[in-house]
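Quick notes on the structure that follows.
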Amino acid sequence: MEFNSLIPELSVSNIDNSIKFYKDIGFEIIYERKEDKFCFLQLEKNQIMIEQVNDNWNTGVLEYPFGRGINISMSVGNVDLYYDKIVKSGVKIFRDMKISKYRVDNTIYEDKEFLIQDPDGYLLRFNN
């Protein structure tokens, strides 16, 4: 098992609902600690951890939508195919597929991307 250098850990309100959601959108369970209501998931090279709210990590009151002010950007091999899968699954699209242009120094990069929200309202951005 190789761990990414940065792996977000999301506090979730219901671990079972969140695991089902992430599995339904293509993530695999790499390992879990059921006694801690914790799960480590992966989609291609994207890794996340989810743990049911336990007051260990809270810096304030959590209320829906969780994660305000952040979106988690994840690259997938074929964003068009993945978008079609998400649409067919019935997951509500937060922001439809579009091409965004981002300047990095003097170079403009195009990023094909769309966003969804998980059951707790975390914004998930998938791109090419």
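So you can find residues: chains in the structure tokens are A, B, ... in the order shown, residues in each start at 1, and ligands are numbered from 1 in order.
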
I want to know what sits within 10 Å of Gln117 (chain A), based on only C-alpha atoms, with residues of the same chain fewer than 2 positions away left out; could you give that as a PyMOL selection string? chain A and resi 65-66+71+91-95+115+119-125

Please produce a file of those selected residues containing C-alpha atoms, as a PDB file, in the first residue's frame.
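To be explicit, this is the file written out as result_15.pdb:
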ATOM      1  CA  PRO A  65     -22.932  21.451   4.548  1.00  0.00           C
ATOM      2  CA  PHE A  66     -19.662  20.278   6.058  1.00  0.00           C
ATOM      3  CA  ASN A  71     -13.487  21.610  -2.540  1.00  0.00           C
ATOM      4  CA  VAL A  91     -26.083  11.664  -7.938  1.00  0.00           C
ATOM      5  CA  LYS A  92     -27.045  15.323  -8.061  1.00  0.00           C
ATOM      6  CA  ILE A  93     -24.538  17.410  -9.992  1.00  0.00           C
ATOM      7  CA  PHE A  94     -23.500  20.553  -8.096  1.00  0.00           C
ATOM      8  CA  ARG A  95     -21.719  22.107 -11.101  1.00  0.00           C
ATOM      9  CA  LEU A 115     -18.551  18.985  -9.016  1.00  0.00           C
ATOM     10  CA  PRO A 119     -24.022  13.183   1.771  1.00  0.00           C
ATOM     11  CA  ASP A 120     -22.552  15.700   4.242  1.00  0.00           C
ATOM     12  CA  GLY A 121     -22.156  18.435   1.648  1.00  0.00           C
ATOM     13  CA  TYR A 122     -18.420  18.177   0.966  1.00  0.00           C
ATOM     14  CA  LEU A 123     -17.690  19.460  -2.539  1.00  0.00           C
ATOM     15  CA  LEU A 124     -15.906  16.919  -4.726  1.00  0.00           C
ATOM     16  CA  ARG A 125     -14.395  18.268  -7.946  1.00  0.00           C
TER      17      ARG A 125
END

Using only C-alpha atoms, determine which residues lie at most 9 Å from Ile29 (chain A), disregarding the query and same-chain residues fewer than 6 positions distant; provide the list as a list in words. Ile19, Tyr22, Lys23, Cys39, Phe40, Leu41 and Gln42 of chain A

Restrict the selected residues to C-alpha atoms and save them as a PDB file, in the first residue's frame.
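Final file, result08.pdb:
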ATOM      1  CA  ILE A  19     -19.313   4.428   2.539  1.00  0.00           C
ATOM      2  CA  TYR A  22     -18.356   6.659  -2.131  1.00  0.00           C
ATOM      3  CA  LYS A  23     -18.590   3.038  -3.283  1.00  0.00           C
ATOM      4  CA  CYS A  39     -12.770   3.950   6.305  1.00  0.00           C
ATOM      5  CA  PHE A  40      -9.881   4.540   3.873  1.00  0.00           C
ATOM      6  CA  LEU A  41     -11.055   4.781   0.252  1.00  0.00           C
ATOM      7  CA  GLN A  42      -9.403   5.139  -3.143  1.00  0.00           C
TER       8      GLN A  42
END

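Across the model, the gap from CA of Glu51 (chain A) to CA of Met1 (chain A) is 19.8 Å.
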
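Across A:Ile25, A:Val87, A:Ile30, A:Met74, the tightest approach to Lys45 (chain A) is made by A:Met74 when counting only C-alpha atoms.
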
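Contact shell of Asn128 (chain A) at 6 Å (only C-alpha atoms; same-chain neighbours under 4 positions omitted): Ser75, Val76, Val79 and Lys112 of chain A.
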
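Residue nearest Ser18 (chain A), chosen from A:Ser5, A:Asn46, A:Leu81, A:Lys37 and counting only C-alpha atoms: A:Lys37.
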
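Of the listed residues A:Leu6, A:Asp24, A:Thr107, A:Thr59, the one whose atoms come nearest to Lys88 (chain A) is A:Asp24, with distances taken using only C-alpha atoms.
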
Where in chain A does DSSP assign strand (DSSP E), given as a PyMOL selection string? chain A and resi 9-12+28-33+38-43+46-52+71-75+93-104+107-117+123-127

Please extract the residues of chain A with a backbone DSSP assignment of helix (DSSP H, G or I) and present them as a ChimeraX atom specification. /A:15-24,34-36,79-89

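With CA of Ser13 (chain A) on one side and CA of Val53 (chain A) on the other, the separation reads 5.8 Å.
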